[in-house]
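Raw model-v3.cif, mmCIF, C-alpha atoms and all ligand atoms:
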```cif
data_input
loop_
_atom_site.label_atom_id
_atom_site.label_comp_id
_atom_site.auth_asym_id
_atom_site.auth_seq_id
_atom_site.Cartn_x
_atom_site.Cartn_y
_atom_site.Cartn_z
CA MET V 153 19.32 -22.10 -3.91
CA GLN V 154 16.42 -20.22 -5.51
CA VAL V 155 14.97 -17.22 -3.69
CA PRO V 156 11.89 -15.89 -5.47
CA PHE V 157 10.84 -12.30 -4.90
CA LEU V 158 7.47 -13.51 -3.63
CA ASP V 159 5.87 -16.95 -3.20
CA LEU V 160 2.07 -16.89 -3.06
CA LYS V 161 1.86 -20.62 -3.77
CA ALA V 162 3.62 -21.47 -0.51
CA GLN V 163 1.16 -19.34 1.42
CA TYR V 164 -1.85 -21.00 -0.23
CA GLN V 165 -0.50 -24.44 0.70
CA SER V 166 -0.22 -23.35 4.34
CA ILE V 167 -3.92 -22.33 4.56
CA LYS V 168 -5.51 -24.55 1.87
CA GLY V 169 -7.54 -26.37 4.52
CA GLU V 170 -9.32 -23.14 5.45
CA ILE V 171 -9.43 -21.44 2.03
CA ASP V 172 -10.95 -24.24 -0.04
CA PRO V 173 -14.08 -24.71 2.11
CA ALA V 174 -14.50 -20.91 2.37
CA ILE V 175 -14.57 -20.60 -1.43
CA GLN V 176 -16.92 -23.58 -1.69
CA SER V 177 -19.34 -21.88 0.73
CA VAL V 178 -19.50 -18.80 -1.48
CA CYS V 179 -20.34 -21.01 -4.46
CA ALA V 180 -22.91 -23.04 -2.53
CA ASP V 181 -24.58 -19.83 -1.33
CA ALA V 182 -24.16 -18.11 -4.72
CA ALA V 183 -23.00 -15.06 -2.76
CA PHE V 184 -20.83 -13.88 -5.63
CA VAL V 185 -21.03 -10.09 -5.42
CA LEU V 186 -21.09 -8.30 -2.04
CA GLY V 187 -23.21 -10.60 0.20
CA LYS V 188 -22.59 -11.97 3.67
CA TYR V 189 -18.94 -12.97 3.20
CA VAL V 190 -18.08 -9.43 2.13
CA TYR V 191 -20.15 -7.87 4.94
CA ASP V 192 -18.48 -10.16 7.49
CA PHE V 193 -15.09 -9.09 6.20
CA GLU V 194 -16.07 -5.40 6.41
CA LYS V 195 -16.95 -5.84 10.10
CA GLU V 196 -13.78 -7.74 10.91
CA PHE V 197 -11.48 -5.40 9.01
CA ALA V 198 -13.03 -2.26 10.54
CA LYS V 199 -12.42 -3.79 13.98
CA TYR V 200 -8.88 -4.78 13.03
CA CYS V 201 -8.05 -1.21 11.96
CA GLY V 202 -9.78 0.45 14.90
CA ALA V 203 -12.31 2.21 12.63
CA ALA V 204 -16.08 2.28 13.06
CA ASP V 205 -16.77 1.14 9.51
CA CYS V 206 -15.27 -0.44 6.43
CA ILE V 207 -16.59 -0.45 2.87
CA ALA V 208 -15.21 -3.21 0.63
CA VAL V 209 -14.60 -2.41 -3.02
CA ASP V 210 -13.00 -4.00 -6.05
CA THR V 211 -9.49 -2.47 -5.96
CA GLY V 212 -7.29 -0.17 -3.92
CA THR V 213 -7.33 2.37 -6.73
CA THR V 214 -11.11 2.60 -6.62
CA ALA V 215 -10.97 2.87 -2.80
CA LEU V 216 -8.90 6.04 -3.26
CA HIS V 217 -11.21 7.29 -6.00
CA LEU V 218 -14.34 6.86 -3.84
CA ALA V 219 -12.69 8.39 -0.78
CA MET V 220 -12.06 11.57 -2.77
CA LEU V 221 -15.52 11.55 -4.40
CA ALA V 222 -17.06 11.28 -0.94
CA LEU V 223 -15.33 14.59 -0.14
CA ASP V 224 -16.77 16.11 -3.36
CA ILE V 225 -13.32 16.56 -4.89
CA GLY V 226 -13.35 17.33 -8.59
CA VAL V 227 -12.22 19.58 -11.44
CA GLY V 228 -10.28 22.64 -10.30
CA ASP V 229 -9.21 21.06 -7.01
CA GLU V 230 -5.75 19.96 -5.93
CA VAL V 231 -4.89 16.87 -3.90
CA ILE V 232 -1.50 16.49 -2.28
CA THR V 233 0.29 13.16 -2.15
CA ALA V 234 3.79 11.73 -1.96
CA ALA V 235 6.15 12.08 -4.93
CA ASN V 236 7.44 8.63 -4.01
CA THR V 237 4.42 6.35 -4.45
CA PHE V 238 2.86 3.83 -6.79
CA ILE V 239 1.17 5.51 -9.75
CA ALA V 240 -2.33 4.47 -8.56
CA THR V 241 -2.39 7.19 -5.89
CA CYS V 242 -1.96 9.83 -8.59
CA GLU V 243 -4.33 8.09 -11.01
CA ALA V 244 -7.15 8.09 -8.47
CA ILE V 245 -6.66 11.85 -8.00
CA SER V 246 -6.78 12.30 -11.78
CA TYR V 247 -10.04 10.26 -12.04
CA THR V 248 -11.81 12.94 -9.99
CA GLY V 249 -10.59 15.68 -12.33
CA ALA V 250 -8.39 17.15 -9.57
CA ARG V 251 -4.70 17.82 -10.03
CA PRO V 252 -2.11 15.73 -8.16
CA VAL V 253 0.36 17.91 -6.25
CA LEU V 254 3.42 16.05 -5.02
CA VAL V 255 5.64 16.39 -1.96
CA ASP V 256 9.19 15.05 -1.89
CA CYS V 257 10.11 12.18 0.43
CA ASP V 258 12.32 11.92 3.48
CA GLU V 259 15.64 10.29 2.59
CA LYS V 260 15.62 7.87 5.56
CA THR V 261 12.03 6.56 5.50
CA TYR V 262 11.17 7.23 1.81
CA ASN V 263 7.82 8.59 3.05
CA LEU V 264 6.31 12.04 2.47
CA ASP V 265 8.50 14.64 4.19
CA PRO V 266 6.21 16.72 6.47
CA ALA V 267 8.75 19.58 6.40
CA LYS V 268 8.02 20.04 2.70
CA LEU V 269 4.24 19.73 2.93
CA GLU V 270 2.99 23.18 3.90
CA ALA V 271 4.70 24.90 0.95
CA ARG V 272 2.54 22.83 -1.42
CA ILE V 273 -0.80 23.80 0.14
CA THR V 274 -2.93 26.32 -1.81
CA LYS V 275 -6.53 27.55 -1.63
CA ARG V 276 -7.43 24.72 -4.01
CA THR V 277 -6.03 21.91 -1.82
CA LYS V 278 -8.93 19.60 -0.91
CA ALA V 279 -7.15 16.59 0.60
CA ILE V 280 -3.76 15.30 1.65
CA ILE V 281 -2.96 11.64 0.95
CA PRO V 282 0.11 10.40 2.81
CA VAL V 283 1.19 6.90 1.72
CA HIS V 284 2.45 4.28 4.19
CA LEU V 285 5.07 3.25 1.69
CA TYR V 286 6.73 -0.16 1.82
CA GLY V 287 4.78 -0.92 5.02
CA GLN V 288 6.15 1.93 7.16
CA PRO V 289 3.59 4.47 8.41
CA ALA V 290 4.06 8.02 7.16
CA ASP V 291 4.99 10.57 9.85
CA MET V 292 1.32 11.22 10.66
CA ASP V 293 1.45 13.62 13.64
CA PRO V 294 3.05 16.57 11.82
CA ILE V 295 0.99 15.80 8.69
CA LEU V 296 -2.27 15.77 10.69
CA GLU V 297 -1.29 18.95 12.50
CA ILE V 298 -0.58 20.87 9.29
CA ALA V 299 -3.82 19.51 7.79
CA ARG V 300 -5.81 20.61 10.86
CA LYS V 301 -4.31 24.08 10.73
CA HIS V 302 -5.49 24.47 7.12
CA ASN V 303 -8.72 22.51 7.66
CA ILE V 304 -7.87 19.93 5.00
CA PRO V 305 -8.95 16.28 5.36
CA VAL V 306 -6.30 13.53 5.38
CA ILE V 307 -6.85 10.25 3.55
CA GLU V 308 -4.34 7.49 4.27
CA ASP V 309 -3.12 5.40 1.34
CA SER V 310 -2.54 2.22 3.29
CA ALA V 311 -2.34 -0.10 0.28
CA GLN V 312 1.07 -1.25 1.60
CA GLY V 313 0.40 -0.80 5.30
CA HIS V 314 -2.05 -3.46 6.56
CA GLY V 315 -1.38 -4.00 10.25
CA ALA V 316 1.23 -1.25 10.59
CA SER V 317 0.92 1.28 13.39
CA TYR V 318 2.12 4.77 14.29
CA LYS V 319 2.58 5.59 17.99
CA GLY V 320 0.09 2.86 18.82
CA ARG V 321 -2.54 3.93 16.27
CA SER V 322 -3.41 1.56 13.44
CA THR V 323 -3.08 2.57 9.83
CA GLY V 324 -6.54 3.28 8.43
CA SER V 325 -7.68 4.90 11.70
CA MET V 326 -5.67 8.14 11.72
CA GLY V 327 -7.04 10.03 8.71
CA ILE V 328 -10.73 10.74 8.04
CA MET V 329 -10.53 7.72 5.74
CA GLY V 330 -8.02 4.97 5.08
CA CYS V 331 -7.68 3.19 1.73
CA PHE V 332 -6.45 -0.36 1.36
CA SER V 333 -5.62 -2.64 -1.55
CA PHE V 334 -5.95 -6.40 -1.37
CA TYR V 335 -4.07 -7.08 -4.60
CA PRO V 336 -2.68 -10.62 -4.19
CA GLY V 337 0.89 -9.52 -3.43
CA LYS V 338 -0.05 -7.07 -0.65
CA ASN V 339 0.42 -8.04 3.02
CA LEU V 340 -3.29 -8.93 3.09
CA GLY V 341 -4.02 -10.16 -0.41
CA ALA V 342 -7.19 -11.50 -2.02
CA TYR V 343 -7.32 -14.22 -4.68
CA GLY V 344 -7.98 -11.59 -7.31
CA GLU V 345 -8.53 -7.85 -6.96
CA GLY V 346 -9.83 -6.16 -3.82
CA GLY V 347 -9.83 -2.93 -1.87
CA ALA V 348 -11.50 -1.16 1.07
CA ILE V 349 -12.07 2.18 2.73
CA THR V 350 -12.03 2.42 6.52
CA THR V 351 -13.65 5.37 8.28
CA SER V 352 -15.33 6.38 11.51
CA ASN V 353 -17.42 9.04 9.77
CA ALA V 354 -20.93 7.63 9.23
CA ASP V 355 -21.91 10.16 6.54
CA LEU V 356 -18.86 9.40 4.43
CA ALA V 357 -19.41 5.65 4.90
CA ALA V 358 -23.02 5.92 3.66
CA LYS V 359 -21.95 8.02 0.69
CA ILE V 360 -19.21 5.57 -0.28
CA ARG V 361 -21.55 2.55 0.09
CA LYS V 362 -23.92 4.20 -2.36
CA LEU V 363 -21.21 5.21 -4.83
CA ARG V 364 -19.67 1.73 -5.00
CA ASP V 365 -23.04 0.22 -6.02
CA HIS V 366 -24.43 2.30 -8.90
CA GLY V 367 -25.41 5.18 -6.64
CA SER V 368 -28.11 3.16 -4.91
CA ALA V 369 -28.90 2.27 -1.31
CA LYS V 370 -32.06 0.45 -2.42
CA LYS V 371 -31.93 -1.89 -5.41
CA TYR V 372 -32.92 -0.15 -8.70
CA TYR V 373 -33.35 3.26 -6.99
CA HIS V 374 -30.39 5.40 -8.07
CA ASP V 375 -29.83 8.65 -6.19
CA VAL V 376 -26.56 9.63 -7.84
CA VAL V 377 -24.51 8.43 -10.79
CA GLY V 378 -22.36 5.82 -9.10
CA TYR V 379 -20.00 3.05 -10.07
CA ASN V 380 -19.77 -0.71 -10.10
CA TYR V 381 -16.91 -0.88 -7.58
CA ARG V 382 -18.24 -3.81 -5.53
CA MET V 383 -16.12 -6.51 -3.90
CA GLU V 384 -16.74 -10.12 -5.00
CA GLY V 385 -17.95 -12.71 -2.49
CA ILE V 386 -15.00 -15.04 -3.04
CA GLN V 387 -12.59 -12.21 -2.20
CA GLY V 388 -14.52 -11.44 1.00
CA ALA V 389 -14.39 -15.10 2.05
CA VAL V 390 -10.67 -15.42 1.27
CA LEU V 391 -9.87 -12.17 3.08
CA ASN V 392 -11.84 -13.29 6.13
CA VAL V 393 -9.65 -16.38 6.37
CA LYS V 394 -6.42 -14.52 5.70
CA LEU V 395 -7.14 -11.66 8.13
CA ARG V 396 -6.88 -14.18 10.98
CA HIS V 397 -3.29 -14.89 9.91
CA LEU V 398 -2.21 -11.32 9.16
CA ASP V 399 -0.51 -10.47 12.47
CA LYS V 400 1.45 -13.72 12.42
CA TRP V 401 2.52 -13.07 8.82
CA ASN V 402 3.52 -9.48 9.60
CA ASP V 403 5.57 -10.76 12.55
CA ALA V 404 7.30 -13.17 10.17
CA ARG V 405 8.08 -10.29 7.79
CA ARG V 406 9.54 -8.31 10.71
CA ARG V 407 11.64 -11.31 11.74
CA ASN V 408 12.91 -11.63 8.15
CA ALA V 409 13.79 -7.91 8.21
CA ASP V 410 15.78 -8.47 11.42
CA HIS V 411 17.63 -11.34 9.75
CA TYR V 412 18.42 -9.18 6.74
CA ARG V 413 19.75 -6.43 9.01
CA LYS V 414 21.89 -8.93 10.92
CA TYR V 415 23.40 -10.58 7.83
CA LEU V 416 23.78 -7.33 5.86
CA ALA V 417 25.47 -5.39 8.68
CA GLY V 418 28.56 -3.63 7.34
CA SER V 419 27.75 -4.58 3.71
CA SER V 420 27.58 -2.18 0.75
CA VAL V 421 23.79 -1.69 0.89
CA ILE V 422 21.82 0.77 3.00
CA VAL V 423 19.11 -1.14 4.87
CA PRO V 424 15.70 0.31 5.81
CA VAL V 425 15.23 2.10 9.14
CA GLU V 426 12.19 1.98 11.39
CA ALA V 427 11.11 5.48 12.37
CA PRO V 428 10.59 5.99 16.15
CA GLY V 429 7.17 4.77 17.29
CA CYS V 430 6.47 3.05 13.97
CA LYS V 431 5.59 -0.60 13.52
CA HIS V 432 6.86 -1.30 10.00
CA VAL V 433 5.23 -4.33 8.36
CA TYR V 434 7.72 -4.71 5.49
CA HIS V 435 5.42 -5.03 2.54
CA LEU V 436 8.76 -4.49 0.79
CA PHE V 437 12.33 -4.66 2.06
CA VAL V 438 13.96 -1.83 0.14
CA VAL V 439 17.73 -1.33 0.21
CA ARG V 440 20.00 1.12 -1.61
CA HIS V 441 23.12 0.57 -3.66
CA PRO V 442 24.92 3.00 -6.02
CA ARG V 443 25.18 0.32 -8.75
CA ARG V 444 21.65 -0.96 -8.28
CA ASP V 445 21.07 -2.30 -11.82
CA ASP V 446 24.28 -4.35 -11.80
CA LEU V 447 23.43 -5.71 -8.37
CA ILE V 448 19.95 -6.82 -9.50
CA ALA V 449 21.49 -8.58 -12.52
CA PHE V 450 24.08 -10.27 -10.29
CA LEU V 451 21.41 -11.47 -7.87
CA GLY V 452 19.35 -12.73 -10.81
CA GLN V 453 22.31 -14.85 -11.98
CA HIS V 454 22.25 -16.50 -8.55
CA GLY V 455 18.54 -17.29 -8.61
CA ILE V 456 17.47 -14.34 -6.45
CA GLY V 457 14.48 -12.22 -7.46
CA ALA V 458 14.85 -8.47 -6.83
CA LEU V 459 12.64 -5.69 -8.19
CA ILE V 460 12.49 -1.86 -8.17
CA HIS V 461 9.64 -0.02 -6.44
CA TYR V 462 9.48 2.19 -8.41
CA PRO V 463 11.92 2.81 -11.27
CA ILE V 464 10.34 6.12 -12.43
CA PRO V 465 8.61 8.55 -10.06
CA ALA V 466 5.10 9.71 -11.03
CA HIS V 467 6.16 13.22 -12.08
CA LEU V 468 8.58 11.82 -14.68
CA GLN V 469 6.15 9.25 -16.13
CA ASN V 470 4.79 9.85 -19.63
CA ALA V 471 1.28 9.78 -18.19
CA TYR V 472 2.01 12.89 -16.11
CA ARG V 473 3.91 14.91 -18.70
CA HIS V 474 0.99 17.36 -18.74
CA LEU V 475 1.83 18.35 -15.16
CA ALA V 476 5.05 19.76 -16.64
CA LEU V 477 7.11 18.89 -13.58
CA ALA V 478 10.74 19.06 -14.55
CA GLU V 479 13.46 16.72 -13.38
CA GLY V 480 14.97 18.24 -10.24
CA GLU V 481 11.61 19.21 -8.72
CA TYR V 482 11.74 16.31 -6.22
CA PRO V 483 15.49 15.74 -5.69
CA VAL V 484 15.29 13.16 -2.89
CA THR V 485 12.73 10.98 -4.68
CA GLU V 486 14.75 11.23 -7.89
CA ARG V 487 17.99 10.31 -6.11
CA VAL V 488 16.65 7.30 -4.23
CA THR V 489 14.73 6.08 -7.28
CA LYS V 490 18.08 5.50 -9.00
CA GLU V 491 19.50 3.46 -6.12
CA ILE V 492 16.67 1.43 -4.56
CA LEU V 493 16.00 -2.26 -5.00
CA SER V 494 13.53 -4.52 -3.20
CA LEU V 495 14.91 -7.82 -1.89
CA PRO V 496 12.77 -10.97 -1.56
CA MET V 497 10.28 -10.46 1.29
CA PHE V 498 7.32 -12.63 2.26
CA PRO V 499 6.32 -14.41 5.49
CA GLU V 500 7.43 -17.87 4.35
CA LEU V 501 10.97 -16.75 3.48
CA THR V 502 13.47 -18.76 5.60
CA GLU V 503 16.50 -17.55 7.53
CA GLU V 504 18.69 -19.69 5.21
CA GLN V 505 17.28 -17.86 2.18
CA VAL V 506 17.86 -14.46 3.78
CA LYS V 507 21.41 -15.50 4.67
CA PHE V 508 22.02 -16.65 1.09
CA VAL V 509 20.77 -13.31 -0.35
CA ALA V 510 23.02 -11.42 2.08
CA GLU V 511 26.04 -13.58 1.17
CA LYS V 512 25.50 -12.89 -2.54
CA ILE V 513 25.22 -9.15 -1.87
CA ARG V 514 28.55 -9.31 -0.02
CA GLU V 515 30.12 -11.19 -2.98
CA PHE V 516 29.03 -8.44 -5.38
CA LYS V 517 31.94 -6.17 -6.20
C1 LIG P 1 -1.23 -1.32 -4.69
C2 LIG P 1 -1.31 0.13 -4.44
C3 LIG P 1 -2.42 0.89 -4.81
C4 LIG P 1 -3.52 0.39 -5.69
O1 LIG P 1 -4.15 -0.77 -5.31
P1 LIG P 1 -4.80 -1.74 -6.41
O2 LIG P 1 -5.58 -2.69 -5.59
O3 LIG P 1 -3.71 -2.39 -7.17
O4 LIG P 1 -5.68 -0.90 -7.28
C5 LIG P 1 -2.48 2.22 -4.40
N1 LIG P 1 -1.49 2.78 -3.70
C6 LIG P 1 -0.38 2.09 -3.36
C7 LIG P 1 0.68 2.77 -2.55
C8 LIG P 1 -0.25 0.75 -3.72
O5 LIG P 1 0.86 0.09 -3.38
#
```

Show how you would write the structure in this file as structure tokens.
Ligand SMILES: *Cc1c(COP(=O)(O)O)cnc(C)c1O
Amino acid sequence: MQVPFLDLKAQYQSIKGEIDPAIQSVCADAAFVLGKYVYDFEKEFAKYCGAADCIAVDTGTTALHLAMLALDIGVGDEVITAANTFIATCEAISYTGARPVLVDCDEKTYNLDPAKLEARITKRTKAIIPVHLYGQPADMDPILEIARKHNIPVIEDSAQGHGASYKGRSTGSMGIMGCFSFYPGKNLGAYGEGGAITTSNADLAAKIRKLRDHGSAKKYYHDVVGYNYRMEGIQGAVLNVKLRHLDKWNDARRRNADHYRKYLAGSSVIVPVEAPGCKHVYHLFVVRHPRRDDLIAFLGQHGIGALIHYPIPAHLQNAYRHLALAEGEYPVTERVTKEILSLPMFPELTEEQVKFVAEKIREFK
């Protein structure tokens, strides 16, 4: 049996009848950049997240960049985010000229540990960006409370959290802005690159709309130096189709997670936990094993795809050497980074496949 890490071809086959005509409509209308398919998606996605507005852009990284620019963050500022995240969160902070300041993660959820947040706040802190890593919402209540106390805005990095919720509130609706990626492998993925910012703040929404389109609200009238960060029409049309399936797909991911937990009970791996009140949408199913690299190789020999998210934390990457953050600065992130592996996880994964993966993990000695 082969169990790929991810199978986007299977998903396309299941919705081909809706996707193909949607793409053809974009071509027939020549609505290639922004346009009605993108604007329709913005409306639907804002509604889905429980936000007043949504601005569609070209990637999740640029969504984060624009969210910070809308808050006038720049050189000399600091932005706090999770030590355990994908590099893009830090890169977007760097694009503004601000300095990324990291907070270690909680050992159970792998998300930013609110108990370690306040110590990292300084007079220069201009935003806090919790990440809903692997599909599990960050512990937002204490984060929002600390942020309120210091009057610092919170931007959610929800690039892995489409459809997740925290105590009944949707990701993308809890911070002043929420940033999403629609990279093909995300829970809601485009057929190319894509991203969006959700917000209920009309001033920020107007500012971001301008910045994503060369600093203009009116064609060829440029009020500020902006960017070409626009979403393509085909991505808007594809995302409109796929958004209608998202809840069903997230339910399938949650069912797969339940199967993993059932078949891996009492095995040598630590399985993910769902924090109280959190709806985890399992963008990734991340387990821990002390001999992680050997286990990945063993699974590979049996036709099972497993990956590491992420093998080197941001502060130890070559790109962030200039931050001069020594090994040992984020002990929990560093410890889990050495032991984590992501098992195959996608909606179309079958119970038989999950069972097979679990059996192979049990065979590993
Ligand atoms: C994917 C991802 C991003 C960046 O999104 P892109 O669309 O690839 O630019 C940012 N943050 C996190 C946590 C991600 O997983």

Open item on the list: Neighbouring residues of Asn236 (chain V) were defined as those with any atom within 9 Å, considering only C-alpha atoms; residues of the same chain fewer than 6 positions away were excluded. Please report them as a VMD selection string.
Closed with: chain V and resid 254 to 257 262 to 264 283 285 462 465 to 466 485 to 486 489

Hey, which bits of chain V sit within 9 Å of ligand LIG 1 (chain P), and for each residue what's the closest pair of atoms and how far apart in Å (one decimal), counting all atoms listed in the file, rows by chain and increasing number, as a Markdown table?
```
| residue | atom | partner | partner_atom | distance |
| --- | --- | --- | --- | --- |
| V:Asp210 | CA | P:LIG1 | O2 | 7.5 |
| V:Thr211 | CA | P:LIG1 | O2 | 3.9 |
| V:Gly212 | CA | P:LIG1 | O2 | 3.5 |
| V:Thr213 | CA | P:LIG1 | O4 | 3.7 |
| V:Thr214 | CA | P:LIG1 | O4 | 6.5 |
| V:Ala215 | CA | P:LIG1 | O4 | 7.9 |
| V:Leu216 | CA | P:LIG1 | C5 | 7.6 |
| V:Thr237 | CA | P:LIG1 | C7 | 5.5 |
| V:Phe238 | CA | P:LIG1 | C7 | 4.9 |
| V:Ile239 | CA | P:LIG1 | N1 | 7.2 |
| V:Ala240 | CA | P:LIG1 | C5 | 4.7 |
| V:Thr241 | CA | P:LIG1 | N1 | 5.0 |
| V:Cys242 | CA | P:LIG1 | N1 | 8.6 |
| V:Ala244 | CA | P:LIG1 | C5 | 8.5 |
| V:Val283 | CA | P:LIG1 | C7 | 6.0 |
| V:His284 | CA | P:LIG1 | C7 | 7.1 |
| V:Leu285 | CA | P:LIG1 | C7 | 6.1 |
| V:Tyr286 | CA | P:LIG1 | O5 | 7.8 |
| V:Asp309 | CA | P:LIG1 | N1 | 5.9 |
| V:Ser310 | CA | P:LIG1 | C7 | 6.7 |
| V:Ala311 | CA | P:LIG1 | C8 | 4.6 |
| V:Gln312 | CA | P:LIG1 | O5 | 5.2 |
| V:Gly313 | CA | P:LIG1 | C7 | 8.6 |
| V:Cys331 | CA | P:LIG1 | C5 | 8.1 |
| V:Phe332 | CA | P:LIG1 | O1 | 7.1 |
| V:Ser333 | CA | P:LIG1 | O2 | 4.0 |
| V:Phe334 | CA | P:LIG1 | O2 | 5.6 |
| V:Tyr335 | CA | P:LIG1 | O2 | 4.7 |
| V:Pro336 | CA | P:LIG1 | O2 | 8.6 |
| V:Gly337 | CA | P:LIG1 | C1 | 8.6 |
| V:Lys338 | CA | P:LIG1 | C1 | 7.1 |
| V:Glu345 | CA | P:LIG1 | O2 | 6.1 |
| V:Gly346 | CA | P:LIG1 | O2 | 5.8 |
| V:Gly347 | CA | P:LIG1 | O2 | 5.7 |
```

Open item on the list: When you count all atoms listed in the file, which of these residues is closest to Glu491 (chain V): V:Val439, V:Ala458, V:Ile464, V:Ala510?
Closed with: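 With all atoms listed in the file as the atom set, the closest residue is V:Val439.
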
- [ ] Excluding Ile307 (chain V) and residues on its chain fewer than 3 positions from it, collect all residues at most 6 Å away from it, counting all atoms listed in the file, and give them as a PyMOL selection string.
- [x] chain V and resi 281+327-330

- [ ] Can you pull out every residue within 10 Å of Phe508 (chain V), counting all atoms listed in the file, but drop anything in the same chain fewer than 3 positions away, and send it as a list of chain:residue names?
- [x]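 The residues satisfying every condition are V:Met153, V:Gln154, V:Val155, V:Tyr415, V:His454, V:Ile456, V:Thr502, V:Glu503, V:Glu504, V:Gln505, V:Glu511, V:Lys512, V:Ile513, V:Arg514.
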
Task: d(CA of Met497 (chain V), CA of Met292 (chain V)) in Å - done: 25.3 Å

TODO: Mind listing whatever residues come within 10 Å of the point (11.0, 13.3, -12.5)? Use only C-alpha atoms, file coordinates, and give them as a list in words.
DONE: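 The residues that fall inside the cut-off are Ala235, Ile464, Pro465, Ala466, His467, Leu468, Gln469, Tyr472, Arg473, Ala476, Leu477, Ala478, Glu479, Gly480, Glu481, Tyr482, Pro483, Thr485, Glu486, Arg487 and Thr489 of chain V.
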
Open item on the list: From the options V:Pro463, V:Ala234, V:Lys507, V:Ala299, which residue's atoms come nearest to Arg413 (chain V), counting all atoms listed in the file?
Closed with: V:Lys507

Task: Coordinates-based distance that separates CA of Ala404 (chain V) from CA of Phe157 (chain V) (Å, one decimal) - done: 15.5 Å

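Going from CA of Ile360 (chain V) over to CA of Ile207 (chain V), you cover 7.3 Å.
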
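Between His397 (chain V) and the residues V:Lys371, V:Arg443, V:His314, V:Lys431, the shortest atom-to-atom distance, using all atoms listed in the file, involves V:His314.
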
TODO: Determine the nearest neighbour of Ala250 (chain V) from the options V:His217, V:Lys319, V:His441, V:His302, counting all atoms listed in the file.
DONE: V:His217

Task: Long-range neighbours of Glu230 (chain V) as a VMD selection string, 7 Å cut-off, all atoms listed in the file, 5 positions minimum in chain - done: chain V and resid 250 to 253 276 to 278

Task: Protein and nucleic acid residues near (-2.2, -4.2, 12.7) (cut-off 8 Å, all atoms listed in the file) as number ranges by chain - done: V: 200-201, 314-317, 322-323, 398-399

Task: Counting all atoms listed in the file, the residue of V:Ile245, V:Leu493, V:Ala342, V:Val377 that sits nearest Asn392 (chain V) - done: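 Once distances to Asn392 (chain V) are computed over all atoms listed in the file, the minimum belongs to V:Ala342.
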
Put a box with edges along x, y and z around all the listed atoms of region 329-333 of chain V, pad it by 6 Å on each side, then give me its centre and sizes in Å, one decimal, as JSON.
```
{"center_x": -8.1, "center_y": 2.5, "center_z": 2.1, "size_x": 16.9, "size_y": 22.4, "size_z": 19.3}
```

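Using all atoms listed in the file, the protein and nucleic acid residues lying no more than 10 Å from Phe184 (chain V), apart from those fewer than 6 places from it along its own chain, are Val178, Val190, Met383, Glu384, Gly385, Ile386, Gln387 and Gly388 of chain V.
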
Task: Residue with smallest distance to Gly367 (chain V) - pool V:Val185, V:Ile460, V:Leu221, V:Thr233, counting only C-alpha atoms - done: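 Among V:Val185, V:Ile460, V:Leu221, V:Thr233, it is V:Leu221 that comes nearest to Gly367 (chain V).
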